[in-house]
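Q: My questions will all concern the structure given below.
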There are 2 protein chains.
Amino acid sequence: MSSTDTRLRTLLAPVEADLEVVQAELGEMLRGSEPALREMLAHLTRFQGKRLRAGLVLLCGRASGNESAELPQVAAIVEAIHLATLVHDDVLDGADVRRRVASVNRRWDNQSAVLLGDLLYARAFDRSTRLRSRLASQVLSEATQTICRGEIVQAASRYDFEMEPSRYEAIAGAKTAALYGAACDLGARYPDEGRGPGELLSGFGWRMGLAFQIVDDVLDVIGDAEVVGKSVGNDVEDGKVTLPVLHVYAHAEPAIREAIRDAYTAPRWSGERAARLRQACDLGPGVEHALERARTLVEEARERLVTLPETAARYTLEQLGDYVLERKW
Amino acid sequence: MSSTDTRLRTLLAPVEADLEVVQAELGEMLRGSEPALREMLAHLTRFQGKRLRAGLVLLCGRASGNESAELPQVAAIVEAIHLATLVHDDVLDGADVRRRVASVNRRWDNQSAVLLGDLLYARAFDRSTRLRSRLASQVLSEATQTICRGEIVQAASRYDFEMEPSRYEAIAGAKTAALYGAACDLGARYPDEGRGPGELLSGFGWRMGLAFQIVDDVLDVIGDAEVVGKSVGNDVEDGKVTLPVLHVYAHAEPAIREAIRDAYTAPRWSGERAARLRQACDLGPGVEHALERARTLVEEARERLVTLPETAARYTLEQLGDYVLERKW
């Protein structure tokens, strides 16, 4: 277990008991009666996740004094939706490895991975319809739409080296921050349909999620697959121009710009495109710029917590920002 | 417009006004704000469907005296889920054409098609959470799971030439009949969570859907792409052994069996596998057997209607069986 793992585990300690309920719920959702399905679902349990989104539901619940006994179920549904997005992401990226385990598309095939993702989405929604309040169904079906929209717009924006940073953030936000926002929102106000502290904490979640995605994008261009535990360099392979690259490109001479574009479109036999990108330019300032933006977002996220009572949960939420910024996977 | 089209249109005439509301609702669901998305969603409106599932919701509503004003919305949600399954099906099958229009995976790519299907599912669930009763969310998220399970088990059963007919029916039923059953069930009892006439009509829908799928499987092995309006021969290409083939195989000599297996696994450059299958054996008895089974199912479906009041809607439901059996696409 890496030091990042240990650190997150320590941070989540206040909600550890509830996280075990989440894990059991998720285990239920990953059960299948037919042998073919059982094996695939069981494989997903090996994608040992950070359970960060589940943690956010529970911590935001604690931090806002929400005493709903259904929060662990809500958290498990959020994790199941996240898992479904991962399974489909791996198909879209042609990724081989996810958390050191073969991706579903690699272990089986793309067809199975598409279907398994669909099944997980449907199962997550099904569970949500069995909760006492409809709020989780509403918030999560909306967040799922936002995620898909973000991915579609991202696919349509490939090789756009002159994208405005605001557009990059809208895409990254939709892809990742929407589910963080939904997790925090539900933690704060489920089962109550009124806004209350949901508004505040959903804004906290959105910023944390966006910071998380920016760090993810940085790790994808400079990270080590061994440490990250999943394929890296996917964004470059796939034509996704992320914040660190956008920043370098915007400030580069024409010749460097050309080299950057060439790296993104180099024939696959000529080697890893991410490696070529690192040779084509100094990514350092882009990485620094991106991490600076992530730090600002975490700062803004924390500011949203100041009116909450000073509880252990609030303290953990504050600390999670550092984890997001410093994580290596 | 083919005579089959005209016939279905005539059959659906009693609910034509409500079907226009369905169409408008579906149009709403297929609206997108971002240009990339707008174009893809607009493309889906060109998959001019039969709207049979929507028709079933409305007709079962009429036939059981259900006066809920939300039935057209429920019907539009059912159609949206059906559309999502089609978009993903085309990815899974690598299909080029859907209702005489390029499939999403062909017009764009697999990635976009996976995401667009996900978005449609999420949008359909989102709409369902805005209805007065949660019943549609519950019934449809369950049906969607069943569809995915059916597809997964089917993928795991490829090249199984000795499959029991009951297993074939369980798969075909899950893939197709589940949504028919859900449509009829919701038509009969939405918004009421009690069972009432839902039980009866859900059984009617299941049998009609299974008959529909059997006819679909027959068209896939013997149909003409021009008439069917979508790629045919996919099942053979993809190793899916359907009822007509299972029947022929079960009654064939070893040499014919071998020729059938060879047709399914012939190298792609050697020509269409479905054409080779037709050369390898006489599919006639298999087709006749399959259609006989479909006729029995339609008969059983009709028997479920006898206790309902004699209305125009009930008469149409009875007639729909002939349409299902005789349709050419």
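Naming scheme: A, B, ... for chains in displayed order of the structure tokens; residues 1 onward per chain; ligands 1 onward as shown.
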Using only C-alpha atoms and a distance of at most 7 Å, pull out the residues of chain B that contact chain A, as a PDB file with C-alpha atoms, in the first residue's frame.

A:
ATOM      1  CA  ALA B  36     -21.416  18.380 -31.331  1.00  0.00           C
ATOM      2  CA  LEU B  37     -24.170  16.840 -29.287  1.00  0.00           C
ATOM      3  CA  LEU B  92     -21.751  -4.180 -30.437  1.00  0.00           C
ATOM      4  CA  GLN B 111     -16.707   6.239 -28.770  1.00  0.00           C
ATOM      5  CA  SER B 112     -19.397   8.753 -29.615  1.00  0.00           C
ATOM      6  CA  LEU B 115     -21.419   8.012 -24.949  1.00  0.00           C
ATOM      7  CA  ASP B 118     -25.173   6.451 -22.091  1.00  0.00           C
ATOM      8  CA  LEU B 119     -26.521   9.975 -22.329  1.00  0.00           C
ATOM      9  CA  ALA B 122     -29.425   8.859 -18.267  1.00  0.00           C
ATOM     10  CA  ARG B 123     -31.821  11.304 -19.881  1.00  0.00           C
ATOM     11  CA  PHE B 125     -34.081   7.984 -16.257  1.00  0.00           C
ATOM     12  CA  ASP B 126     -33.903  11.677 -15.522  1.00  0.00           C
ATOM     13  CA  THR B 129     -37.727  10.922 -11.992  1.00  0.00           C
ATOM     14  CA  SER B 137     -38.279   4.672 -12.836  1.00  0.00           C
ATOM     15  CA  GLN B 138     -38.557   1.383 -11.006  1.00  0.00           C
ATOM     16  CA  SER B 141     -34.469   0.528 -14.542  1.00  0.00           C
ATOM     17  CA  GLU B 142     -35.285  -3.098 -13.848  1.00  0.00           C
ATOM     18  CA  THR B 144     -32.912  -2.095 -18.604  1.00  0.00           C
ATOM     19  CA  GLN B 145     -30.917  -4.369 -16.329  1.00  0.00           C
ATOM     20  CA  CYS B 148     -28.165  -5.862 -20.443  1.00  0.00           C
ATOM     21  CA  ILE B 152     -24.210 -10.329 -21.794  1.00  0.00           C
ATOM     22  CA  VAL B 153     -25.419 -13.913 -21.529  1.00  0.00           C
ATOM     23  CA  ALA B 156     -21.150 -15.527 -23.565  1.00  0.00           C
TER      24      ALA B 156
END

Q: Check range 127-312 of chain B with DSSP on the backbone and list each residue it calls helix (DSSP H, G or I), as a ChimeraX atom specification.

A: /B:127-129,135-156,165-189,198-222,225-228,234-237,243-250,254-265,268-270,273-280,284-303,312

Q: If you count only C-alpha atoms, which residues fall within 12 Å of Arg261 in chain A, apart from same-chain ones fewer than 5 positions away, as a ChimeraX atom specification?

A: /A:158-162,236-237,239-241,245-246,248-249,252,254-256,266,273-274,276-277,280-281

Q: Emit the selected residues as a compact mmCIF listing (two decimals), in the first residue's frame, including C-alpha atoms.

A:
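Result file is out37.txt:
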# COMPACT_ATOMS: atom_id res chain seq x y z
CA ARG A 158 -9.82 16.59 -29.86
CA TYR A 159 -6.69 18.22 -31.28
CA ASP A 160 -8.03 21.65 -30.38
CA PHE A 161 -4.76 23.20 -29.22
CA GLU A 162 -6.27 26.65 -28.96
CA VAL A 236 -2.01 12.42 -25.90
CA GLU A 237 -2.69 9.18 -27.77
CA GLY A 239 -5.88 13.78 -29.07
CA LYS A 240 -7.16 15.22 -25.80
CA VAL A 241 -5.39 18.50 -25.19
CA VAL A 245 -0.42 21.22 -22.73
CA LEU A 246 -2.81 24.08 -23.53
CA VAL A 248 2.59 25.37 -22.93
CA TYR A 249 1.12 25.59 -26.42
CA ALA A 252 5.19 28.50 -27.36
CA PRO A 254 5.54 28.40 -33.83
CA ALA A 255 8.23 25.69 -34.23
CA ILE A 256 7.48 24.25 -30.78
CA ALA A 266 2.78 10.79 -34.72
CA ARG A 273 3.16 9.92 -28.24
CA ALA A 274 3.37 11.17 -24.65
CA ARG A 276 7.41 12.48 -27.95
CA LEU A 277 5.42 15.32 -26.42
CA ALA A 280 8.94 18.32 -28.09
CA CYS A 281 8.61 20.90 -25.35

Q: Rounded to one decimal in Å, what is the spacing between CA of Val218 in chain A and CA of Asp282 in chain A?

A: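 These atoms are spaced 13.4 Å apart.
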
Q: Under the rule of at most 12 Å, produce a per-residue listing of range 216-314 of chain B near range 166-189 of chain B: chain, number, name, the closest pair of atoms, and the distance in Å, as a Markdown table, using only C-alpha atoms.

A:
| residue | atom | partner | partner_atom | distance |
| --- | --- | --- | --- | --- |
| B:Asp216 | CA | B:Ala172 | CA | 10.1 |
| B:Asp217 | CA | B:Ala172 | CA | 9.3 |
| B:Lys240 | CA | B:Tyr168 | CA | 10.1 |
| B:Val241 | CA | B:Tyr168 | CA | 8.6 |
| B:Thr242 | CA | B:Tyr168 | CA | 7.0 |
| B:Leu243 | CA | B:Tyr168 | CA | 7.0 |
| B:Pro244 | CA | B:Tyr168 | CA | 10.8 |
| B:Val245 | CA | B:Tyr168 | CA | 11.2 |
| B:Leu246 | CA | B:Tyr168 | CA | 8.9 |
| B:His247 | CA | B:Tyr168 | CA | 11.1 |
| B:Ala290 | CA | B:Glu169 | CA | 11.1 |
| B:Arg293 | CA | B:Glu169 | CA | 10.5 |
| B:Ala294 | CA | B:Glu169 | CA | 10.9 |
| B:Leu297 | CA | B:Glu169 | CA | 11.2 |
| B:Ala301 | CA | B:Gly181 | CA | 11.0 |
| B:Arg304 | CA | B:Cys184 | CA | 11.9 |
| B:Leu305 | CA | B:Cys184 | CA | 11.8 |
| B:Leu308 | CA | B:Ala188 | CA | 11.1 |
| B:Ala313 | CA | B:Gly187 | CA | 11.8 |
| B:Arg314 | CA | B:Ala188 | CA | 11.9 |

Q: Output the selection as a PDB file, in the first residue's frame - N, CA and C atoms for each residue.

A:
ATOM      1  N   ASP B 216     -37.431 -11.293 -35.717  1.00  0.00           N
ATOM      2  CA  ASP B 216     -36.215 -10.527 -35.997  1.00  0.00           C
ATOM      3  C   ASP B 216     -35.051 -11.464 -36.323  1.00  0.00           C
ATOM      4  N   ASP B 217     -34.941 -12.513 -35.544  1.00  0.00           N
ATOM      5  CA  ASP B 217     -33.849 -13.477 -35.746  1.00  0.00           C
ATOM      6  C   ASP B 217     -34.011 -14.202 -37.078  1.00  0.00           C
ATOM      7  N   LYS B 240     -23.944 -15.577 -33.089  1.00  0.00           N
ATOM      8  CA  LYS B 240     -25.177 -15.771 -32.326  1.00  0.00           C
ATOM      9  C   LYS B 240     -26.033 -16.823 -33.011  1.00  0.00           C
ATOM     10  N   VAL B 241     -26.252 -17.930 -32.310  1.00  0.00           N
ATOM     11  CA  VAL B 241     -27.008 -19.029 -32.887  1.00  0.00           C
ATOM     12  C   VAL B 241     -28.464 -18.868 -32.448  1.00  0.00           C
ATOM     13  N   THR B 242     -29.324 -18.534 -33.386  1.00  0.00           N
ATOM     14  CA  THR B 242     -30.708 -18.219 -33.040  1.00  0.00           C
ATOM     15  C   THR B 242     -31.642 -19.383 -33.364  1.00  0.00           C
ATOM     16  N   LEU B 243     -32.899 -19.239 -32.992  1.00  0.00           N
ATOM     17  CA  LEU B 243     -33.845 -20.358 -33.044  1.00  0.00           C
ATOM     18  C   LEU B 243     -33.887 -21.110 -34.377  1.00  0.00           C
ATOM     19  N   PRO B 244     -34.009 -20.435 -35.530  1.00  0.00           N
ATOM     20  CA  PRO B 244     -34.071 -21.218 -36.781  1.00  0.00           C
ATOM     21  C   PRO B 244     -32.833 -22.103 -36.965  1.00  0.00           C
ATOM     22  N   VAL B 245     -31.675 -21.572 -36.628  1.00  0.00           N
ATOM     23  CA  VAL B 245     -30.432 -22.339 -36.812  1.00  0.00           C
ATOM     24  C   VAL B 245     -30.348 -23.464 -35.776  1.00  0.00           C
ATOM     25  N   LEU B 246     -30.702 -23.166 -34.547  1.00  0.00           N
ATOM     26  CA  LEU B 246     -30.667 -24.195 -33.491  1.00  0.00           C
ATOM     27  C   LEU B 246     -31.510 -25.396 -33.903  1.00  0.00           C
ATOM     28  N   HIS B 247     -32.679 -25.090 -34.473  1.00  0.00           N
ATOM     29  CA  HIS B 247     -33.587 -26.173 -34.861  1.00  0.00           C
ATOM     30  C   HIS B 247     -32.986 -27.015 -35.986  1.00  0.00           C
ATOM     31  N   ALA B 290     -39.407 -21.795 -36.156  1.00  0.00           N
ATOM     32  CA  ALA B 290     -39.316 -20.542 -35.393  1.00  0.00           C
ATOM     33  C   ALA B 290     -40.602 -19.737 -35.542  1.00  0.00           C
ATOM     34  N   ARG B 293     -43.341 -21.168 -33.514  1.00  0.00           N
ATOM     35  CA  ARG B 293     -43.199 -20.800 -32.102  1.00  0.00           C
ATOM     36  C   ARG B 293     -43.684 -19.362 -31.883  1.00  0.00           C
ATOM     37  N   ALA B 294     -43.337 -18.485 -32.818  1.00  0.00           N
ATOM     38  CA  ALA B 294     -43.783 -17.089 -32.701  1.00  0.00           C
ATOM     39  C   ALA B 294     -45.312 -17.021 -32.748  1.00  0.00           C
ATOM     40  N   LEU B 297     -46.719 -18.039 -29.459  1.00  0.00           N
ATOM     41  CA  LEU B 297     -46.553 -16.976 -28.464  1.00  0.00           C
ATOM     42  C   LEU B 297     -47.597 -15.881 -28.651  1.00  0.00           C
ATOM     43  N   ALA B 301     -50.344 -14.720 -26.073  1.00  0.00           N
ATOM     44  CA  ALA B 301     -50.461 -13.304 -25.707  1.00  0.00           C
ATOM     45  C   ALA B 301     -51.919 -12.872 -25.807  1.00  0.00           C
ATOM     46  N   ARG B 304     -54.358 -13.623 -23.094  1.00  0.00           N
ATOM     47  CA  ARG B 304     -54.297 -12.782 -21.899  1.00  0.00           C
ATOM     48  C   ARG B 304     -55.240 -11.584 -21.990  1.00  0.00           C
ATOM     49  N   LEU B 305     -55.776 -11.346 -23.166  1.00  0.00           N
ATOM     50  CA  LEU B 305     -56.628 -10.171 -23.338  1.00  0.00           C
ATOM     51  C   LEU B 305     -58.107 -10.473 -23.123  1.00  0.00           C
ATOM     52  N   LEU B 308     -60.397  -8.651 -20.682  1.00  0.00           N
ATOM     53  CA  LEU B 308     -60.507  -7.184 -20.756  1.00  0.00           C
ATOM     54  C   LEU B 308     -61.801  -6.793 -21.471  1.00  0.00           C
ATOM     55  N   ALA B 313     -59.123  -0.487 -28.319  1.00  0.00           N
ATOM     56  CA  ALA B 313     -57.718  -0.702 -27.955  1.00  0.00           C
ATOM     57  C   ALA B 313     -57.416  -2.196 -27.834  1.00  0.00           C
ATOM     58  N   ARG B 314     -58.327  -2.917 -27.199  1.00  0.00           N
ATOM     59  CA  ARG B 314     -58.109  -4.361 -27.068  1.00  0.00           C
ATOM     60  C   ARG B 314     -58.076  -5.009 -28.450  1.00  0.00           C
TER      61      ARG B 314
END

Q: If we count only C-alpha atoms and set the cut-off at 8 Å, which residues sit around Gly321 in chain B, ignoring sequence neighbours fewer than 4 positions away in its own chain? Please answer as a list of chain:residue names.

A: B:Met208, B:Val298, B:Glu299, B:Arg302, B:Leu317, B:Leu325

Q: Can you pull out the residues contacting Glu326 in chain A? Cut-off 10 Å, using only C-alpha atoms, and skip same-chain residues under 2 positions away; I want them as a ChimeraX atom specification.

A: /A:4,212,215,291,320-324,328-329

Q: For CA of Leu86 in chain B and CA of Phe47 in chain B, determine how far apart the two atoms are, in Å to one decimal place.

A: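 Going from CA of Leu86 in chain B over to CA of Phe47 in chain B, I get 9.6 Å.
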
Q: Neighbouring residues of Ala17 in chain B were defined as those with any atom within 12 Å, considering only C-alpha atoms; residues of the same chain fewer than 6 positions away were excluded. Please report them as a PyMOL selection string.

A: chain B and resi 23-24+55+58+72
